[in-house]
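Colleague: Handing you this structure, nothing more for now.
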Amino acid sequence: MIDGRIYNFSAGPSMLPEAVLLRAKEEFLNCGGSGMSVLEMSHRSKVFDDIINAAKDNIRKILNVPENYRILFLHGGASGMFAAIPMNIGTGSGIADYIISGNFSGAAQKEGKKYLKEARIAATTEDVNFTRIPKQEELNLSPEADYVHVCWNNTIFGTKYQYIPETNGVPLVADMSSSILSEPVDVSKFGIIYAGVQKNLAPSGLALMIIREDLLGKEMAITPKIWKFATQDEKNSMLNTPPTWPIYIVKLVTDYLMEQGGLEEMKRRNVEKAALLYDYLDSQDFYISTVEKADRSLMNVTFRTADPELDKAFVAGQAAHGFSNLKGHRLVGGMRASIYNAMPKEGVEALIAYMKEFAAAH
(Lines give C-alpha, C1' and ligand atoms only; values in the text may rest on other atoms or scores of the structure.)
Protein backbone atom coordinates (compact mmCIF):
# COMPACT_ATOMS: atom_id res chain seq x y z
CA MET A 1 0.00 0.00 0.00
CA ILE A 2 1.10 3.57 -0.70
CA ASP A 3 2.13 5.44 2.47
CA GLY A 4 -0.81 7.20 4.09
CA ARG A 5 -3.49 5.02 2.46
CA ILE A 6 -5.79 2.87 4.55
CA TYR A 7 -7.61 -0.40 3.98
CA ASN A 8 -11.05 0.79 2.93
CA PHE A 9 -13.65 -1.93 3.52
CA SER A 10 -16.50 0.24 2.20
CA ALA A 11 -19.37 -1.50 0.42
CA GLY A 12 -19.29 1.28 -2.19
CA PRO A 13 -17.90 3.51 -3.41
CA SER A 14 -15.01 1.19 -2.77
CA MET A 15 -11.27 0.85 -3.17
CA LEU A 16 -9.79 1.16 -6.65
CA PRO A 17 -6.49 -0.46 -7.65
CA GLU A 18 -3.58 1.78 -6.73
CA ALA A 19 -2.07 1.30 -10.20
CA VAL A 20 -5.26 2.71 -11.71
CA LEU A 21 -5.29 5.72 -9.39
CA LEU A 22 -1.65 6.43 -10.21
CA ARG A 23 -2.31 6.20 -13.94
CA ALA A 24 -5.30 8.53 -13.63
CA LYS A 25 -3.09 10.92 -11.66
CA GLU A 26 -0.40 10.79 -14.35
CA GLU A 27 -2.95 11.54 -17.09
CA PHE A 28 -5.05 13.95 -15.05
CA LEU A 29 -3.91 17.14 -16.77
CA ASN A 30 -3.12 15.68 -20.18
CA CYS A 31 -5.01 12.57 -21.27
CA GLY A 32 -3.92 10.87 -24.46
CA GLY A 33 -1.80 13.81 -25.55
CA SER A 34 -4.91 15.99 -25.80
CA GLY A 35 -3.59 18.70 -23.44
CA MET A 36 -6.82 18.29 -21.44
CA SER A 37 -8.08 16.35 -18.47
CA VAL A 38 -10.95 13.93 -19.10
CA LEU A 39 -12.87 16.14 -16.66
CA GLU A 40 -12.82 18.99 -19.22
CA MET A 41 -12.97 16.96 -22.41
CA SER A 42 -15.89 17.01 -24.85
CA HIS A 43 -17.62 13.66 -25.09
CA ARG A 44 -17.80 14.31 -28.84
CA SER A 45 -14.01 14.50 -29.16
CA LYS A 46 -11.95 11.83 -30.89
CA VAL A 47 -9.98 11.23 -27.69
CA PHE A 48 -13.08 10.46 -25.63
CA ASP A 49 -14.61 8.41 -28.45
CA ASP A 50 -11.51 6.22 -28.27
CA ILE A 51 -11.87 5.97 -24.48
CA ILE A 52 -15.51 4.82 -24.47
CA ASN A 53 -14.96 2.37 -27.32
CA ALA A 54 -11.90 0.92 -25.58
CA ALA A 55 -13.87 0.57 -22.32
CA LYS A 56 -16.63 -1.35 -24.13
CA ASP A 57 -14.14 -3.50 -26.03
CA ASN A 58 -12.39 -4.36 -22.76
CA ILE A 59 -15.69 -5.37 -21.12
CA ARG A 60 -16.49 -7.58 -24.11
CA LYS A 61 -13.07 -9.27 -23.97
CA ILE A 62 -12.80 -9.70 -20.22
CA LEU A 63 -16.33 -11.13 -19.81
CA ASN A 64 -16.28 -12.98 -23.14
CA VAL A 65 -19.51 -11.21 -24.12
CA PRO A 66 -21.16 -12.91 -27.14
CA GLU A 67 -21.58 -10.93 -30.36
CA ASN A 68 -25.38 -10.81 -29.99
CA TYR A 69 -25.12 -8.71 -26.82
CA ARG A 70 -24.71 -4.95 -26.67
CA ILE A 71 -22.77 -3.03 -24.01
CA LEU A 72 -24.23 0.23 -22.70
CA PHE A 73 -23.14 2.90 -20.23
CA LEU A 74 -26.22 4.52 -18.68
CA HIS A 75 -27.21 7.24 -16.26
CA GLY A 76 -28.85 6.57 -12.90
CA GLY A 77 -26.76 3.73 -11.52
CA ALA A 78 -28.38 0.40 -10.71
CA SER A 79 -31.26 2.11 -8.91
CA GLY A 80 -32.19 3.90 -12.11
CA MET A 81 -32.28 0.53 -13.86
CA PHE A 82 -34.91 -0.70 -11.38
CA ALA A 83 -37.30 1.56 -13.33
CA ALA A 84 -35.67 1.50 -16.76
CA ILE A 85 -35.72 -2.29 -17.11
CA PRO A 86 -39.50 -2.78 -16.71
CA MET A 87 -40.10 0.22 -18.98
CA ASN A 88 -37.88 -1.34 -21.65
CA ILE A 89 -38.63 -5.06 -21.53
CA GLY A 90 -41.78 -5.45 -19.42
CA THR A 91 -43.99 -4.82 -22.42
CA GLY A 92 -45.17 -8.27 -23.48
CA SER A 93 -47.44 -9.74 -20.82
CA GLY A 94 -46.61 -6.90 -18.44
CA ILE A 95 -45.68 -9.54 -15.85
CA ALA A 96 -42.24 -9.97 -14.30
CA ASP A 97 -40.96 -12.33 -11.62
CA TYR A 98 -38.70 -11.00 -8.86
CA ILE A 99 -36.66 -13.31 -6.64
CA ILE A 100 -36.17 -11.39 -3.40
CA SER A 101 -32.88 -12.16 -1.66
CA GLY A 102 -32.21 -8.82 0.02
CA ASN A 103 -32.80 -5.09 0.11
CA PHE A 104 -31.95 -4.24 -3.50
CA SER A 105 -33.97 -7.00 -5.16
CA GLY A 106 -36.88 -5.85 -2.99
CA ALA A 107 -36.35 -2.26 -4.09
CA ALA A 108 -36.29 -3.37 -7.73
CA GLN A 109 -39.62 -5.18 -7.29
CA LYS A 110 -41.24 -2.15 -5.66
CA GLU A 111 -40.07 0.05 -8.54
CA GLY A 112 -41.26 -2.50 -11.09
CA LYS A 113 -44.78 -2.38 -9.61
CA LYS A 114 -45.10 1.21 -10.88
CA TYR A 115 -44.75 0.19 -14.52
CA LEU A 116 -45.83 -3.45 -14.79
CA LYS A 117 -49.23 -5.05 -14.75
CA GLU A 118 -47.81 -7.41 -12.12
CA ALA A 119 -44.43 -7.52 -10.40
CA ARG A 120 -44.66 -10.97 -8.84
CA ILE A 121 -42.58 -12.13 -5.90
CA ALA A 122 -41.48 -15.53 -7.14
CA ALA A 123 -39.58 -16.36 -3.94
CA THR A 124 -38.21 -14.58 -0.89
CA THR A 125 -36.04 -15.36 2.12
CA GLU A 126 -37.22 -12.35 4.11
CA ASP A 127 -38.53 -14.68 6.83
CA VAL A 128 -34.92 -15.52 7.77
CA ASN A 129 -33.67 -11.95 7.28
CA PHE A 130 -32.08 -12.90 3.96
CA THR A 131 -29.43 -15.14 5.49
CA ARG A 132 -29.60 -17.38 2.41
CA ILE A 133 -30.48 -17.37 -1.31
CA PRO A 134 -33.80 -18.92 -2.45
CA LYS A 135 -33.27 -22.39 -3.92
CA GLN A 136 -34.37 -23.39 -7.42
CA GLU A 137 -37.14 -25.61 -6.05
CA GLU A 138 -38.57 -22.66 -4.12
CA LEU A 139 -39.07 -20.53 -7.23
CA ASN A 140 -42.70 -20.01 -8.27
CA LEU A 141 -42.11 -18.68 -11.78
CA SER A 142 -44.74 -17.60 -14.28
CA PRO A 143 -44.34 -18.98 -17.81
CA GLU A 144 -45.92 -15.72 -19.06
CA ALA A 145 -43.34 -13.44 -17.45
CA ASP A 146 -41.41 -10.99 -19.61
CA TYR A 147 -38.35 -11.51 -17.41
CA VAL A 148 -37.08 -12.92 -14.11
CA HIS A 149 -35.06 -10.51 -11.95
CA VAL A 150 -32.38 -11.40 -9.40
CA CYS A 151 -29.74 -9.54 -7.39
CA TRP A 152 -26.68 -11.73 -7.84
CA ASN A 153 -24.69 -10.61 -4.79
CA ASN A 154 -26.35 -9.05 -1.77
CA THR A 155 -24.08 -6.28 -0.56
CA ILE A 156 -25.98 -5.66 2.67
CA PHE A 157 -26.59 -9.25 3.75
CA GLY A 158 -23.42 -10.92 2.43
CA THR A 159 -24.95 -13.62 0.24
CA LYS A 160 -24.43 -14.64 -3.39
CA TYR A 161 -26.05 -16.93 -5.94
CA GLN A 162 -24.07 -20.12 -6.40
CA TYR A 163 -26.31 -21.36 -9.22
CA ILE A 164 -27.98 -19.82 -12.27
CA PRO A 165 -31.78 -20.02 -11.90
CA GLU A 166 -33.54 -22.07 -14.57
CA THR A 167 -36.29 -19.88 -16.05
CA ASN A 168 -37.57 -22.07 -18.92
CA GLY A 169 -36.60 -19.59 -21.60
CA VAL A 170 -37.77 -16.42 -19.83
CA PRO A 171 -34.95 -13.79 -19.96
CA LEU A 172 -32.96 -13.71 -16.72
CA VAL A 173 -32.07 -10.18 -15.59
CA ALA A 174 -29.30 -9.88 -12.98
CA ASP A 175 -28.18 -6.93 -10.90
CA MET A 176 -24.47 -7.71 -10.47
CA SER A 177 -23.48 -4.38 -8.94
CA SER A 178 -21.37 -5.80 -6.13
CA SER A 179 -19.92 -8.82 -7.91
CA ILE A 180 -19.28 -7.62 -11.47
CA LEU A 181 -15.80 -8.63 -12.76
CA SER A 182 -14.98 -10.53 -9.56
CA GLU A 183 -15.08 -13.89 -11.38
CA PRO A 184 -16.02 -15.31 -14.80
CA VAL A 185 -19.73 -15.26 -15.74
CA ASP A 186 -21.50 -17.08 -18.57
CA VAL A 187 -23.16 -14.03 -20.10
CA SER A 188 -25.14 -16.18 -22.53
CA LYS A 189 -27.29 -17.45 -19.63
CA PHE A 190 -28.69 -13.95 -19.04
CA GLY A 191 -30.92 -11.59 -20.98
CA ILE A 192 -29.50 -8.56 -19.14
CA ILE A 193 -26.63 -8.08 -16.72
CA TYR A 194 -26.41 -4.63 -15.16
CA ALA A 195 -24.31 -3.05 -12.45
CA GLY A 196 -23.66 0.19 -10.67
CA VAL A 197 -19.93 0.62 -11.26
CA GLN A 198 -18.89 1.89 -7.82
CA LYS A 199 -17.89 -1.48 -6.37
CA ASN A 200 -15.34 -3.05 -8.72
CA LEU A 201 -15.16 -0.76 -11.74
CA ALA A 202 -15.13 2.99 -11.20
CA PRO A 203 -16.41 5.92 -9.13
CA SER A 204 -20.17 6.25 -8.70
CA GLY A 205 -22.49 7.84 -11.25
CA LEU A 206 -22.72 5.20 -13.96
CA ALA A 207 -24.48 1.93 -14.77
CA LEU A 208 -22.98 -0.76 -16.98
CA MET A 209 -25.48 -2.87 -18.95
CA ILE A 210 -24.93 -5.96 -21.08
CA ILE A 211 -28.13 -6.69 -22.99
CA ARG A 212 -29.10 -9.32 -25.54
CA GLU A 213 -29.98 -7.69 -28.87
CA ASP A 214 -33.47 -9.20 -29.13
CA LEU A 215 -34.49 -7.32 -25.97
CA LEU A 216 -33.86 -3.92 -27.58
CA GLY A 217 -36.64 -1.81 -29.07
CA LYS A 218 -39.51 -3.03 -26.87
CA GLU A 219 -39.83 0.02 -24.61
CA MET A 220 -43.03 1.59 -23.30
CA ALA A 221 -44.12 4.90 -24.81
CA ILE A 222 -43.55 6.59 -21.44
CA THR A 223 -39.89 5.55 -21.29
CA PRO A 224 -37.63 8.62 -20.99
CA LYS A 225 -35.45 8.95 -24.06
CA ILE A 226 -32.35 8.90 -21.89
CA TRP A 227 -33.30 5.39 -20.69
CA LYS A 228 -34.37 3.87 -24.00
CA PHE A 229 -31.86 1.07 -24.35
CA ALA A 230 -32.22 0.87 -28.14
CA THR A 231 -31.66 4.62 -28.50
CA GLN A 232 -28.61 4.57 -26.25
CA ASP A 233 -27.24 1.64 -28.23
CA GLU A 234 -27.71 3.57 -31.49
CA LYS A 235 -25.92 6.57 -29.98
CA ASN A 236 -23.01 4.57 -28.50
CA SER A 237 -24.21 5.45 -24.97
CA MET A 238 -23.81 9.15 -25.79
CA LEU A 239 -27.31 10.40 -26.49
CA ASN A 240 -26.36 13.26 -24.21
CA THR A 241 -23.23 13.95 -22.16
CA PRO A 242 -22.40 10.70 -20.34
CA PRO A 243 -20.49 10.44 -17.03
CA THR A 244 -17.16 10.81 -18.76
CA TRP A 245 -14.83 10.40 -15.76
CA PRO A 246 -16.35 7.08 -14.54
CA ILE A 247 -16.24 5.73 -18.11
CA TYR A 248 -12.56 6.68 -18.31
CA ILE A 249 -11.88 4.86 -15.02
CA VAL A 250 -13.77 1.79 -16.31
CA LYS A 251 -11.32 1.79 -19.20
CA LEU A 252 -8.31 2.00 -16.86
CA VAL A 253 -9.66 -0.65 -14.47
CA THR A 254 -10.38 -3.11 -17.27
CA ASP A 255 -6.93 -2.46 -18.75
CA TYR A 256 -5.52 -3.32 -15.32
CA LEU A 257 -7.62 -6.47 -14.92
CA MET A 258 -6.45 -7.82 -18.27
CA GLU A 259 -2.84 -7.06 -17.33
CA GLN A 260 -3.35 -9.01 -14.09
CA GLY A 261 -4.62 -12.12 -15.87
CA GLY A 262 -8.34 -11.49 -16.30
CA LEU A 263 -11.27 -12.86 -14.35
CA GLU A 264 -9.82 -16.31 -13.67
CA GLU A 265 -7.03 -14.60 -11.77
CA MET A 266 -9.47 -12.25 -10.03
CA LYS A 267 -11.53 -15.25 -8.91
CA ARG A 268 -8.43 -17.00 -7.59
CA ARG A 269 -7.46 -13.96 -5.54
CA ASN A 270 -10.99 -13.33 -4.32
CA VAL A 271 -11.55 -16.94 -3.27
CA GLU A 272 -8.23 -16.86 -1.41
CA LYS A 273 -9.09 -13.63 0.43
CA ALA A 274 -12.60 -14.73 1.35
CA ALA A 275 -11.38 -18.15 2.50
CA LEU A 276 -8.92 -16.52 4.90
CA LEU A 277 -11.69 -14.53 6.55
CA TYR A 278 -14.36 -17.25 6.56
CA ASP A 279 -11.90 -19.88 7.81
CA TYR A 280 -11.04 -17.64 10.75
CA LEU A 281 -14.73 -16.99 11.48
CA ASP A 282 -15.42 -20.73 11.43
CA SER A 283 -12.45 -21.51 13.71
CA GLN A 284 -13.62 -19.53 16.77
CA ASP A 285 -16.79 -18.58 18.67
CA PHE A 286 -16.29 -14.91 19.54
CA TYR A 287 -17.53 -13.68 16.15
CA ILE A 288 -20.64 -15.01 14.44
CA SER A 289 -21.07 -15.29 10.67
CA THR A 290 -24.52 -13.93 9.75
CA VAL A 291 -25.22 -16.01 6.60
CA GLU A 292 -25.53 -19.68 5.68
CA LYS A 293 -22.22 -21.17 4.53
CA ALA A 294 -23.56 -22.40 1.20
CA ASP A 295 -24.52 -18.89 0.07
CA ARG A 296 -21.61 -16.81 1.34
CA SER A 297 -20.47 -13.84 -0.74
CA LEU A 298 -16.90 -13.48 -1.99
CA MET A 299 -17.24 -9.70 -1.91
CA ASN A 300 -19.12 -8.76 1.29
CA VAL A 301 -18.37 -10.65 4.51
CA THR A 302 -20.84 -9.97 7.33
CA PHE A 303 -20.24 -10.90 10.96
CA ARG A 304 -20.96 -9.76 14.52
CA THR A 305 -20.23 -10.54 18.15
CA ALA A 306 -22.87 -11.65 20.64
CA ASP A 307 -23.07 -8.11 22.08
CA PRO A 308 -24.06 -4.99 20.08
CA GLU A 309 -21.94 -2.88 22.43
CA LEU A 310 -18.88 -4.95 21.53
CA ASP A 311 -19.74 -4.45 17.86
CA LYS A 312 -19.69 -0.70 18.43
CA ALA A 313 -16.35 -0.94 20.20
CA PHE A 314 -14.89 -3.00 17.36
CA VAL A 315 -15.95 -0.41 14.79
CA ALA A 316 -14.70 2.42 17.00
CA GLY A 317 -11.24 0.86 17.06
CA GLN A 318 -10.87 0.44 13.31
CA ALA A 319 -9.24 3.79 12.51
CA ALA A 320 -6.36 3.16 14.91
CA HIS A 321 -5.56 0.02 12.90
CA GLY A 322 -5.69 1.72 9.50
CA PHE A 323 -9.18 0.56 8.49
CA SER A 324 -12.42 2.28 7.57
CA ASN A 325 -16.07 1.42 6.84
CA LEU A 326 -16.33 -1.83 8.81
CA LYS A 327 -19.71 -0.96 10.33
CA GLY A 328 -22.45 -3.30 9.17
CA HIS A 329 -25.63 -2.05 7.52
CA ARG A 330 -28.45 -1.19 9.93
CA LEU A 331 -30.58 -4.04 8.51
CA VAL A 332 -27.99 -6.58 9.67
CA GLY A 333 -25.94 -4.82 12.35
CA GLY A 334 -22.52 -5.97 13.42
CA MET A 335 -19.69 -5.60 10.93
CA ARG A 336 -19.19 -5.93 7.19
CA ALA A 337 -15.89 -6.26 5.36
CA SER A 338 -16.23 -5.57 1.64
CA ILE A 339 -13.24 -7.18 -0.05
CA TYR A 340 -13.63 -6.28 -3.71
CA ASN A 341 -10.97 -6.87 -6.38
CA ALA A 342 -8.83 -3.94 -5.26
CA MET A 343 -8.58 -5.09 -1.63
CA PRO A 344 -5.18 -6.76 -1.31
CA LYS A 345 -4.71 -10.01 0.59
CA GLU A 346 -2.63 -8.06 3.09
CA GLY A 347 -5.69 -6.00 4.02
CA VAL A 348 -7.66 -9.14 4.90
CA GLU A 349 -4.71 -10.49 6.89
CA ALA A 350 -4.48 -7.20 8.80
CA LEU A 351 -8.22 -7.31 9.54
CA ILE A 352 -7.96 -10.85 10.91
CA ALA A 353 -5.05 -9.79 13.12
CA TYR A 354 -7.22 -6.97 14.52
CA MET A 355 -10.13 -9.38 15.04
CA LYS A 356 -7.89 -11.72 17.02
CA GLU A 357 -6.50 -8.85 19.08
CA PHE A 358 -9.98 -7.51 19.84
CA ALA A 359 -11.32 -10.95 20.77
CA ALA A 360 -8.41 -11.57 23.14
CA ALA A 361 -9.00 -8.22 24.84
CA HIS A 362 -12.72 -8.87 25.35
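The chains in the C-alpha coordinates are called A, B, ... from first to last as shown; in each chain the residues are counted from 1, and the ligands are counted from 1 in the order shown.
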If you count only C-alpha atoms, which residues fall within 7 Å of A:Leu201, apart from same-chain ones fewer than 4 positions away, as a PyMOL selection string?
Modeller: chain A and resi 197+250+253
Colleague: Contacts between stretch 278-281 of chain A and stretch 300-332 of chain A, please, where a residue of stretch 300-332 of chain A counts if it comes within 12 Å (with only C-alpha atoms); show its shortest atom pair and distance in Å to one decimal, rows by chain and ascending number, as JSON lines.
Modeller:
```
{"residue": "A:Asn300", "atom": "CA", "partner": "A:Tyr278", "partner_atom": "CA", "distance": 11.1}
{"residue": "A:Val301", "atom": "CA", "partner": "A:Tyr278", "partner_atom": "CA", "distance": 8.0}
{"residue": "A:Thr302", "atom": "CA", "partner": "A:Tyr278", "partner_atom": "CA", "distance": 9.8}
{"residue": "A:Phe303", "atom": "CA", "partner": "A:Leu281", "partner_atom": "CA", "distance": 8.2}
{"residue": "A:Arg304", "atom": "CA", "partner": "A:Leu281", "partner_atom": "CA", "distance": 10.0}
{"residue": "A:Thr305", "atom": "CA", "partner": "A:Leu281", "partner_atom": "CA", "distance": 10.8}
```
Colleague: Would you please give, as a PyMOL selection string, all residues of stretch 142-227 of chain A that DSSP assigns to helix (DSSP H, G or I) based on the backbone?
Modeller: chain A and resi 187-189+213-215+225-227
Colleague: Mind dumping the selected residues with N, CA, C and O atoms as a PDB file, in the first residue's frame?
Modeller:
```pdb
ATOM      1  N   VAL A 187     -22.226 -15.085 -19.713  1.00  0.00           N
ATOM      2  CA  VAL A 187     -23.155 -14.027 -20.096  1.00  0.00           C
ATOM      3  C   VAL A 187     -24.327 -14.586 -20.901  1.00  0.00           C
ATOM      4  O   VAL A 187     -25.454 -14.094 -20.800  1.00  0.00           O
ATOM      5  N   SER A 188     -24.093 -15.637 -21.660  1.00  0.00           N
ATOM      6  CA  SER A 188     -25.144 -16.180 -22.531  1.00  0.00           C
ATOM      7  C   SER A 188     -26.337 -16.735 -21.761  1.00  0.00           C
ATOM      8  O   SER A 188     -27.394 -16.976 -22.351  1.00  0.00           O
ATOM      9  N   LYS A 189     -26.188 -16.945 -20.455  1.00  0.00           N
ATOM     10  CA  LYS A 189     -27.290 -17.452 -19.632  1.00  0.00           C
ATOM     11  C   LYS A 189     -28.244 -16.345 -19.184  1.00  0.00           C
ATOM     12  O   LYS A 189     -29.266 -16.623 -18.542  1.00  0.00           O
ATOM     13  N   GLU A 213     -29.446  -8.571 -27.821  1.00  0.00           N
ATOM     14  CA  GLU A 213     -29.979  -7.693 -28.865  1.00  0.00           C
ATOM     15  C   GLU A 213     -31.490  -7.822 -29.051  1.00  0.00           C
ATOM     16  O   GLU A 213     -32.168  -6.836 -29.352  1.00  0.00           O
ATOM     17  N   ASP A 214     -32.034  -9.022 -28.880  1.00  0.00           N
ATOM     18  CA  ASP A 214     -33.467  -9.196 -29.131  1.00  0.00           C
ATOM     19  C   ASP A 214     -34.343  -8.515 -28.095  1.00  0.00           C
ATOM     20  O   ASP A 214     -35.558  -8.410 -28.277  1.00  0.00           O
ATOM     21  N   LEU A 215     -33.739  -8.022 -27.004  1.00  0.00           N
ATOM     22  CA  LEU A 215     -34.495  -7.317 -25.970  1.00  0.00           C
ATOM     23  C   LEU A 215     -34.527  -5.809 -26.212  1.00  0.00           C
ATOM     24  O   LEU A 215     -35.175  -5.080 -25.457  1.00  0.00           O
ATOM     25  N   LYS A 225     -36.378   9.188 -22.957  1.00  0.00           N
ATOM     26  CA  LYS A 225     -35.449   8.948 -24.060  1.00  0.00           C
ATOM     27  C   LYS A 225     -34.067   8.552 -23.539  1.00  0.00           C
ATOM     28  O   LYS A 225     -33.398   7.689 -24.114  1.00  0.00           O
ATOM     29  N   ILE A 226     -33.673   9.151 -22.443  1.00  0.00           N
ATOM     30  CA  ILE A 226     -32.348   8.900 -21.892  1.00  0.00           C
ATOM     31  C   ILE A 226     -32.199   7.466 -21.421  1.00  0.00           C
ATOM     32  O   ILE A 226     -31.093   6.944 -21.297  1.00  0.00           O
ATOM     33  N   TRP A 227     -33.340   6.773 -21.154  1.00  0.00           N
ATOM     34  CA  TRP A 227     -33.303   5.392 -20.688  1.00  0.00           C
ATOM     35  C   TRP A 227     -33.837   4.404 -21.719  1.00  0.00           C
ATOM     36  O   TRP A 227     -34.107   3.244 -21.380  1.00  0.00           O
TER      37      TRP A 227
END
```
Colleague: Can you tell me which residues surround A:Asp127 at a distance of at most 12 Å, considering only C-alpha atoms, apart from same-chain residues fewer than 6 positions away, and format the answer as an NGL selection string?
Modeller: :A and (100-102 or 133-134)
Colleague: Write out as number ranges by chain each polymer residue whose atoms come within 12 Å of A:Gly106, counting only C-alpha atoms; drop sequence neighbours fewer than 6 positions from it.
Modeller: A: 79, 82, 97-100, 112-113, 119-126, 130, 149-151, 154, 175
